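Engineer: Next up is a structure, given as structure tokens.
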Amino acid sequence: MSAPVRRDGRLSAALVCTALAGAVIGSVGAPLITPVATGLHVSLDAAQWTLTVTLFSGAIAGPVLGRLGGGPYRRTTILITLAMVTTGGLLTVLPLPYVALLIGRGLQGLGVAAGALLMSVARAHLPPERSPSTIAALSVASTVGIGVGYPVVSLLDQLAGLRAAYGFGFLLSVVAFLIAWRMLPAETPGRPPRIDVPGALLLALGTLGVLLLIAVPSLWSTVWLAGGLLAGTAAVLAAWAFVELRTTEPLVDLRLLGRGPVFRANLAILVAGAGLYLLFSLFTRYVQTPADAPYGFALPGVAAGAALIPFSLLGFVAGKAVPRMDERWTYLVSTVIAVAGALVFAVGSQSFVLVLLSIALLGFAVGGIFAVMPRLVLVGVPQGETASVLSINQIARSIGMAVGSALAGLLLAAATPDGALLPTRNGYLTTALWALPLLAVGAIIIFTDGRVPTRTRASYSRR
């Protein structure tokens, strides 16, 4: 009896460590935008793409990896993905031109997409009493990874330079690959998965269009360009839905995604993700406000990264607590805590302690919502569709986060007086309150169904 318990525990730990490494790698670009601009002599807008491209590649590749990882080639798919992430990490470390760095960051974004595959491993290979907690931990890995990655990367950049900071991500990718190669179980032989190539290309193109419209606000300065892209994106996604509904082996089973619980969970994370990331963008920008402003704390990169440690710690605590609680009530409590974080910031933004408390409360809320999301989205989903469904949920989360980031920038820009470089303090407070209706709508969506969704852990893990 003890041997299987130890083996399950080692697999669970290996999956979480691999996901955590991927999350840290994905967040490496955020503290290095300015160093990239100054060190490689590119504009800040161009340097921003070292972060944006990871979001794009992770979201676009997710459904394809989910389909490949839904059968006998799951282990192989994960290892190849991590090998590509490692290759991307090497490109970021070598003294190559900016284009090579951008390609490397795009490959590193695949590590984010691998999270759904790791959750499917946990669902398929861990016993019912262990898989829910492991999947919850995998889902909050991104929250914990931010608190680990930001201060370490900022410190490395300050002490040893840009390439050394990217070297941290490369080292983590090597470690993640070795852990996965050593610990991932072999899959039962079976029929190779069929990839719906037309569906994959259409979904990738449509997702790219959506993310460009959200993450590149400058597009909207040219109305005909933004309108054309919007119309083209809508047409591509409509064509994708048409193809998926008529193919015998679709990339994504839209009929499955259309089921009540799955649809509501994806819609909720899309809306709530926007509210959560609006607050995250707001808080991180506020604490770094320059000293000549009448507000903020002028934290340098390392200190600003360290300010996110409470965010990650409370996110981890929430991830550990979630498997023991009812799904919908966990979501509601997490939403209330996020609202509390926004209100604490609104009334106490002049106190560094209260702003740290706001960041910590937001971390707990993000950890709780992200941890419970797999349980909400996998209701009635066959085991073979786990990775595919979770990858779509990851796209919804990514789009929601991109919307939140763009909305924060838009609202703060509107609160910046003509001729000024910084928004007013009231602009920050008003922007924080904009998150409240988004969070409330997310909770309403989850509670739309009057039936109690609680299931046995065996049903959640093995169905």
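Here, A, B, ... name the chains of the structure tokens in the order displayed, residue numbers run from 1 inside each chain, and ligands are numbered from 1 in the same displayed order.
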Counting only C-alpha atoms, what is within 9 Å of Ser131 in chain A, bar same-chain residues fewer than 3 positions away, as a ChimeraX atom specification?
Structural biologist: /A:12,119,122-128,134-136,457,460-461
Engineer: Keeping only all heavy atoms, write those residues as a short mmCIF file (atom, residue, chain, number, x, y, z; two decimals), in the first residue's frame.
Structural biologist:
data_model
loop_
_atom_site.label_atom_id
_atom_site.label_comp_id
_atom_site.auth_asym_id
_atom_site.auth_seq_id
_atom_site.Cartn_x
_atom_site.Cartn_y
_atom_site.Cartn_z
N SER A 12 2.52 13.55 -8.36
CA SER A 12 1.83 14.80 -8.08
C SER A 12 2.84 15.95 -7.93
O SER A 12 2.67 17.02 -8.52
CB SER A 12 1.00 14.66 -6.80
OG SER A 12 0.37 15.88 -6.48
N MET A 119 -2.65 18.64 -16.30
CA MET A 119 -3.89 18.36 -15.57
C MET A 119 -4.53 17.07 -16.05
O MET A 119 -5.09 16.30 -15.24
CB MET A 119 -4.86 19.53 -15.74
CG MET A 119 -4.44 20.81 -15.07
SD MET A 119 -5.71 22.09 -15.23
CE MET A 119 -4.72 23.57 -15.09
N ALA A 122 -2.83 14.20 -14.40
CA ALA A 122 -3.30 14.04 -13.02
C ALA A 122 -4.67 13.37 -12.97
O ALA A 122 -4.92 12.50 -12.14
CB ALA A 122 -3.35 15.40 -12.33
N ARG A 123 -5.55 13.76 -13.87
CA ARG A 123 -6.91 13.20 -13.87
C ARG A 123 -6.89 11.72 -14.25
O ARG A 123 -7.68 10.92 -13.75
CB ARG A 123 -7.79 13.98 -14.84
CG ARG A 123 -9.28 13.70 -14.65
CD ARG A 123 -10.11 14.44 -15.68
NE ARG A 123 -11.53 14.34 -15.35
CZ ARG A 123 -12.51 14.49 -16.23
NH1 ARG A 123 -12.23 14.73 -17.51
NH2 ARG A 123 -13.77 14.39 -15.87
N ALA A 124 -5.97 11.35 -15.16
CA ALA A 124 -5.94 9.97 -15.66
C ALA A 124 -5.14 9.02 -14.78
O ALA A 124 -5.47 7.84 -14.69
CB ALA A 124 -5.35 9.96 -17.08
N HIS A 125 -4.11 9.52 -14.10
CA HIS A 125 -3.17 8.61 -13.44
C HIS A 125 -3.13 8.71 -11.92
O HIS A 125 -2.50 7.86 -11.27
CB HIS A 125 -1.75 8.85 -13.99
CG HIS A 125 -1.58 8.43 -15.42
ND1 HIS A 125 -1.39 7.12 -15.79
CD2 HIS A 125 -1.59 9.16 -16.56
CE1 HIS A 125 -1.28 7.06 -17.12
NE2 HIS A 125 -1.40 8.28 -17.60
N LEU A 126 -3.75 9.71 -11.35
CA LEU A 126 -3.76 9.81 -9.89
C LEU A 126 -5.07 9.27 -9.33
O LEU A 126 -6.11 9.35 -9.99
CB LEU A 126 -3.56 11.27 -9.45
CG LEU A 126 -2.17 11.85 -9.70
CD1 LEU A 126 -2.15 13.33 -9.31
CD2 LEU A 126 -1.10 11.09 -8.94
N PRO A 127 -5.05 8.75 -8.12
CA PRO A 127 -6.29 8.21 -7.53
C PRO A 127 -7.27 9.34 -7.21
O PRO A 127 -6.88 10.50 -7.10
CB PRO A 127 -5.79 7.53 -6.25
CG PRO A 127 -4.49 8.20 -5.94
CD PRO A 127 -3.88 8.55 -7.25
N PRO A 128 -8.56 9.00 -7.08
CA PRO A 128 -9.59 10.02 -6.86
C PRO A 128 -9.35 10.92 -5.66
O PRO A 128 -9.73 12.08 -5.68
CB PRO A 128 -10.87 9.20 -6.68
CG PRO A 128 -10.59 7.91 -7.36
CD PRO A 128 -9.13 7.64 -7.18
N THR A 134 -4.27 18.02 -6.75
CA THR A 134 -3.16 18.22 -7.69
C THR A 134 -3.59 19.11 -8.84
O THR A 134 -2.85 20.02 -9.24
CB THR A 134 -2.68 16.87 -8.23
OG1 THR A 134 -2.23 16.05 -7.14
CG2 THR A 134 -1.53 17.06 -9.21
N ILE A 135 -4.78 18.88 -9.39
CA ILE A 135 -5.26 19.72 -10.49
C ILE A 135 -5.45 21.15 -10.02
O ILE A 135 -5.14 22.11 -10.75
CB ILE A 135 -6.56 19.13 -11.06
CG1 ILE A 135 -6.27 17.80 -11.75
CG2 ILE A 135 -7.21 20.09 -12.04
CD1 ILE A 135 -7.50 17.06 -12.24
N ALA A 136 -5.94 21.34 -8.80
CA ALA A 136 -6.08 22.70 -8.27
C ALA A 136 -4.73 23.38 -8.16
O ALA A 136 -4.57 24.55 -8.52
CB ALA A 136 -6.77 22.65 -6.90
N ARG A 457 -15.47 12.91 -5.67
CA ARG A 457 -14.15 13.08 -6.26
C ARG A 457 -13.87 12.01 -7.30
O ARG A 457 -13.16 12.23 -8.25
CB ARG A 457 -13.08 13.06 -5.16
CG ARG A 457 -13.15 14.31 -4.28
CD ARG A 457 -12.02 14.35 -3.29
NE ARG A 457 -12.05 15.59 -2.53
CZ ARG A 457 -11.21 15.89 -1.56
NH1 ARG A 457 -10.28 15.03 -1.22
NH2 ARG A 457 -11.29 17.03 -0.92
N TYR A 460 -15.34 13.25 -10.51
CA TYR A 460 -14.54 14.35 -11.09
C TYR A 460 -13.24 13.82 -11.69
O TYR A 460 -12.82 14.23 -12.76
CB TYR A 460 -14.24 15.37 -10.01
CG TYR A 460 -13.14 16.31 -10.33
CD1 TYR A 460 -13.26 17.20 -11.37
CD2 TYR A 460 -11.96 16.31 -9.59
CE1 TYR A 460 -12.25 18.10 -11.68
CE2 TYR A 460 -10.94 17.18 -9.89
CZ TYR A 460 -11.09 18.07 -10.92
OH TYR A 460 -10.07 18.93 -11.23
N SER A 461 -12.64 12.87 -11.03
CA SER A 461 -11.32 12.43 -11.45
C SER A 461 -11.34 11.43 -12.58
O SER A 461 -10.45 11.40 -13.40
CB SER A 461 -10.57 11.81 -10.26
OG SER A 461 -10.46 12.75 -9.21
#
Engineer: Using DSSP on the backbone coordinates, identify the residues of range 8-131 of chain A assigned to helix (DSSP H, G or I); present them as number ranges by chain.
Structural biologist: A: 8-27, 30-39, 44-68, 74-93, 98-108, 110-125, 131
Engineer: Excluding Leu51 in chain A and any residue of its chain fewer than 2 positions from it, enumerate the residues within 8 Å of it, using only C-alpha atoms, and give them as a list in words.
Structural biologist: Gly26, Ser27, Gly29, Ala30, Ile33, Ala47, Gln48, Trp49, Val53, Thr54, Leu55 and Arg105 of chain A
Engineer: Can you pull out every residue within 8 Å of Pro374 in chain A, counting only C-alpha atoms, but drop anything in the same chain fewer than 2 positions away, and send it as a ChimeraX atom specification?
Structural biologist: /A:135-136,139,370-372,376-378,390
Engineer: Name the closest residue to Thr81 in chain A among the candidates A:Ser349, A:Thr188, A:Thr289, A:Ser173; distances are taken between atoms, counting only C-alpha atoms.
Structural biologist: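 Distance minimum relative to Thr81 in chain A lands on A:Ser173.
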Engineer: Tell me which protein, DNA and RNA residues are within 8 Å of Ala306 in chain A, counting only C-alpha atoms, leaving out same-chain ones fewer than 4 positions away, and put them as a ChimeraX atom specification.
Structural biologist: /A:147,150-151,302
Engineer: Go ahead and write the residues just picked, N, CA, C and O atoms, as a CSV table (one decimal), in the first residue's frame.
Structural biologist:
chain,number,residue,atom,x,y,z
A,147,GLY,N,5.0,35.4,-8.3
A,147,GLY,CA,5.7,35.8,-7.1
A,147,GLY,C,7.1,35.3,-7.0
A,147,GLY,O,8.0,35.9,-6.4
A,150,TYR,N,9.1,37.2,-10.7
A,150,TYR,CA,9.3,38.6,-10.8
A,150,TYR,C,10.6,39.1,-10.0
A,150,TYR,O,11.5,39.7,-10.6
A,151,PRO,N,10.6,38.8,-8.7
A,151,PRO,CA,11.8,39.4,-8.0
A,151,PRO,C,13.1,38.7,-8.4
A,151,PRO,O,14.1,39.4,-8.4
A,302,VAL,N,13.2,45.3,-8.5
A,302,VAL,CA,13.3,44.2,-7.5
A,302,VAL,C,12.3,44.3,-6.4
A,302,VAL,O,11.6,43.3,-6.0
Engineer: Between A:Met401, A:Ala365, A:Leu279, A:Leu256, single out the one closest to Leu433 in chain A, counting only C-alpha atoms.
Structural biologist: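 Looking only at the distances to Leu433 in chain A, the closest residue turns out to be A:Leu279.
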Engineer: Find, counting only C-alpha atoms, the residue in A:Leu429, A:Leu110, A:Ala304, A:Val93 that gets nearest to Leu412 in chain A.
Structural biologist: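 Once distances to Leu412 in chain A are computed over only C-alpha atoms, the minimum belongs to A:Leu429.
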Engineer: Name the residues in contact with Pro261 in chain A at a cut-off of 10 Å, using only C-alpha atoms, excluding same-chain residues fewer than 6 positions from it; report them as a list in words.
Structural biologist: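 Once the nearby chain positions are removed, what remains is Leu267, Leu376, Val377, Leu378, Val379, Gly380, Val381, Ile445, Ile446, Thr448, Asp449 and Pro453 of chain A.
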Engineer: Restrict the selected residues to all heavy atoms and save them as a PDB file, in the first residue's frame.
Structural biologist:
ATOM      1  N   LEU A 267     -17.305  31.091 -19.804  1.00  0.00           N
ATOM      2  CA  LEU A 267     -17.763  32.481 -19.855  1.00  0.00           C
ATOM      3  C   LEU A 267     -17.392  33.219 -18.568  1.00  0.00           C
ATOM      4  O   LEU A 267     -16.980  34.391 -18.596  1.00  0.00           O
ATOM      5  CB  LEU A 267     -19.275  32.507 -20.065  1.00  0.00           C
ATOM      6  CG  LEU A 267     -19.913  33.893 -20.230  1.00  0.00           C
ATOM      7  CD1 LEU A 267     -19.306  34.631 -21.409  1.00  0.00           C
ATOM      8  CD2 LEU A 267     -21.429  33.758 -20.395  1.00  0.00           C
ATOM      9  N   LEU A 376     -15.132  23.111 -12.195  1.00  0.00           N
ATOM     10  CA  LEU A 376     -16.346  23.648 -12.796  1.00  0.00           C
ATOM     11  C   LEU A 376     -16.449  23.317 -14.275  1.00  0.00           C
ATOM     12  O   LEU A 376     -17.525  23.020 -14.785  1.00  0.00           O
ATOM     13  CB  LEU A 376     -16.384  25.170 -12.604  1.00  0.00           C
ATOM     14  CG  LEU A 376     -16.575  25.666 -11.169  1.00  0.00           C
ATOM     15  CD1 LEU A 376     -16.305  27.165 -11.075  1.00  0.00           C
ATOM     16  CD2 LEU A 376     -17.983  25.360 -10.670  1.00  0.00           C
ATOM     17  N   VAL A 377     -15.317  23.343 -14.974  1.00  0.00           N
ATOM     18  CA  VAL A 377     -15.341  23.170 -16.418  1.00  0.00           C
ATOM     19  C   VAL A 377     -15.365  21.707 -16.842  1.00  0.00           C
ATOM     20  O   VAL A 377     -15.755  21.388 -17.967  1.00  0.00           O
ATOM     21  CB  VAL A 377     -14.145  23.903 -17.068  1.00  0.00           C
ATOM     22  CG1 VAL A 377     -12.882  23.077 -16.974  1.00  0.00           C
ATOM     23  CG2 VAL A 377     -14.445  24.280 -18.519  1.00  0.00           C
ATOM     24  N   LEU A 378     -14.969  20.786 -15.944  1.00  0.00           N
ATOM     25  CA  LEU A 378     -14.885  19.375 -16.313  1.00  0.00           C
ATOM     26  C   LEU A 378     -16.128  18.570 -15.942  1.00  0.00           C
ATOM     27  O   LEU A 378     -16.113  17.348 -16.022  1.00  0.00           O
ATOM     28  CB  LEU A 378     -13.652  18.734 -15.666  1.00  0.00           C
ATOM     29  CG  LEU A 378     -12.298  19.183 -16.220  1.00  0.00           C
ATOM     30  CD1 LEU A 378     -11.152  18.552 -15.424  1.00  0.00           C
ATOM     31  CD2 LEU A 378     -12.164  18.835 -17.700  1.00  0.00           C
ATOM     32  N   VAL A 379     -17.204  19.255 -15.564  1.00  0.00           N
ATOM     33  CA  VAL A 379     -18.435  18.537 -15.222  1.00  0.00           C
ATOM     34  C   VAL A 379     -18.955  17.790 -16.451  1.00  0.00           C
ATOM     35  O   VAL A 379     -19.250  18.376 -17.488  1.00  0.00           O
ATOM     36  CB  VAL A 379     -19.513  19.523 -14.713  1.00  0.00           C
ATOM     37  CG1 VAL A 379     -20.829  18.785 -14.492  1.00  0.00           C
ATOM     38  CG2 VAL A 379     -19.060  20.201 -13.440  1.00  0.00           C
ATOM     39  N   GLY A 380     -19.032  16.471 -16.338  1.00  0.00           N
ATOM     40  CA  GLY A 380     -19.555  15.658 -17.421  1.00  0.00           C
ATOM     41  C   GLY A 380     -18.635  15.504 -18.613  1.00  0.00           C
ATOM     42  O   GLY A 380     -19.054  14.987 -19.650  1.00  0.00           O
ATOM     43  N   VAL A 381     -17.375  15.925 -18.505  1.00  0.00           N
ATOM     44  CA  VAL A 381     -16.435  15.834 -19.628  1.00  0.00           C
ATOM     45  C   VAL A 381     -15.748  14.475 -19.602  1.00  0.00           C
ATOM     46  O   VAL A 381     -15.176  14.093 -18.586  1.00  0.00           O
ATOM     47  CB  VAL A 381     -15.382  16.965 -19.545  1.00  0.00           C
ATOM     48  CG1 VAL A 381     -14.299  16.777 -20.612  1.00  0.00           C
ATOM     49  CG2 VAL A 381     -16.057  18.316 -19.705  1.00  0.00           C
ATOM     50  N   ILE A 445     -22.842  34.332 -13.294  1.00  0.00           N
ATOM     51  CA  ILE A 445     -22.811  33.284 -14.322  1.00  0.00           C
ATOM     52  C   ILE A 445     -22.659  31.912 -13.674  1.00  0.00           C
ATOM     53  O   ILE A 445     -23.348  30.947 -14.040  1.00  0.00           O
ATOM     54  CB  ILE A 445     -21.660  33.545 -15.314  1.00  0.00           C
ATOM     55  CG1 ILE A 445     -21.956  34.784 -16.149  1.00  0.00           C
ATOM     56  CG2 ILE A 445     -21.443  32.330 -16.221  1.00  0.00           C
ATOM     57  CD1 ILE A 445     -20.789  35.257 -16.979  1.00  0.00           C
ATOM     58  N   ILE A 446     -21.767  31.805 -12.715  1.00  0.00           N
ATOM     59  CA  ILE A 446     -21.542  30.510 -12.052  1.00  0.00           C
ATOM     60  C   ILE A 446     -22.787  30.069 -11.299  1.00  0.00           C
ATOM     61  O   ILE A 446     -23.109  28.879 -11.241  1.00  0.00           O
ATOM     62  CB  ILE A 446     -20.335  30.599 -11.100  1.00  0.00           C
ATOM     63  CG1 ILE A 446     -19.042  30.758 -11.898  1.00  0.00           C
ATOM     64  CG2 ILE A 446     -20.243  29.362 -10.210  1.00  0.00           C
ATOM     65  CD1 ILE A 446     -18.719  29.611 -12.819  1.00  0.00           C
ATOM     66  N   THR A 448     -25.871  30.754 -12.050  1.00  0.00           N
ATOM     67  CA  THR A 448     -27.078  30.742 -12.883  1.00  0.00           C
ATOM     68  C   THR A 448     -27.846  29.440 -12.750  1.00  0.00           C
ATOM     69  O   THR A 448     -29.071  29.410 -12.692  1.00  0.00           O
ATOM     70  CB  THR A 448     -26.718  30.975 -14.364  1.00  0.00           C
ATOM     71  OG1 THR A 448     -26.120  32.259 -14.490  1.00  0.00           O
ATOM     72  CG2 THR A 448     -27.953  30.902 -15.241  1.00  0.00           C
ATOM     73  N   ASP A 449     -27.108  28.321 -12.709  1.00  0.00           N
ATOM     74  CA  ASP A 449     -27.741  27.008 -12.605  1.00  0.00           C
ATOM     75  C   ASP A 449     -28.123  26.761 -11.157  1.00  0.00           C
ATOM     76  O   ASP A 449     -27.263  26.767 -10.276  1.00  0.00           O
ATOM     77  CB  ASP A 449     -26.773  25.931 -13.095  1.00  0.00           C
ATOM     78  CG  ASP A 449     -27.426  24.556 -13.144  1.00  0.00           C
ATOM     79  OD1 ASP A 449     -28.631  24.485 -12.888  1.00  0.00           O
ATOM     80  OD2 ASP A 449     -26.719  23.584 -13.439  1.00  0.00           O
ATOM     81  N   PRO A 453     -23.804  21.528  -8.043  1.00  0.00           N
ATOM     82  CA  PRO A 453     -22.916  20.802  -8.932  1.00  0.00           C
ATOM     83  C   PRO A 453     -21.954  19.866  -8.231  1.00  0.00           C
ATOM     84  O   PRO A 453     -21.135  19.247  -8.876  1.00  0.00           O
ATOM     85  CB  PRO A 453     -22.135  21.941  -9.600  1.00  0.00           C
ATOM     86  CG  PRO A 453     -22.031  22.975  -8.536  1.00  0.00           C
ATOM     87  CD  PRO A 453     -23.311  22.869  -7.757  1.00  0.00           C
TER      88      PRO A 453
END
Engineer: So which one's closest to Leu162 in chain A, A:Arg67, A:Pro72, A:Ala360, A:Thr92? Using only C-alpha atoms, please.
Structural biologist: A:Thr92
Engineer: Taking only C-alpha atoms into account, name the residue in A:Asp418, A:Asp292, A:Glu249, A:Asp45 that is nearest to Arg194 in chain A.
Structural biologist: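 Answer, going by the shortest atom-to-atom distance: A:Glu249.
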Engineer: In Å, how far is it from CA of Arg255 in chain A to CA of Ala239 in chain A?
Structural biologist: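 Straight-line distance from CA of Arg255 in chain A to CA of Ala239 in chain A works out to 15.8 Å.
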Engineer: Compare A:Asp8, A:Pro31, A:Tyr73, A:Leu171 by their minimum atom-to-atom distance to Asp157 in chain A, counting only C-alpha atoms, and give me the closest one.
Structural biologist: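 The closest residue to Asp157 in chain A is A:Pro31.
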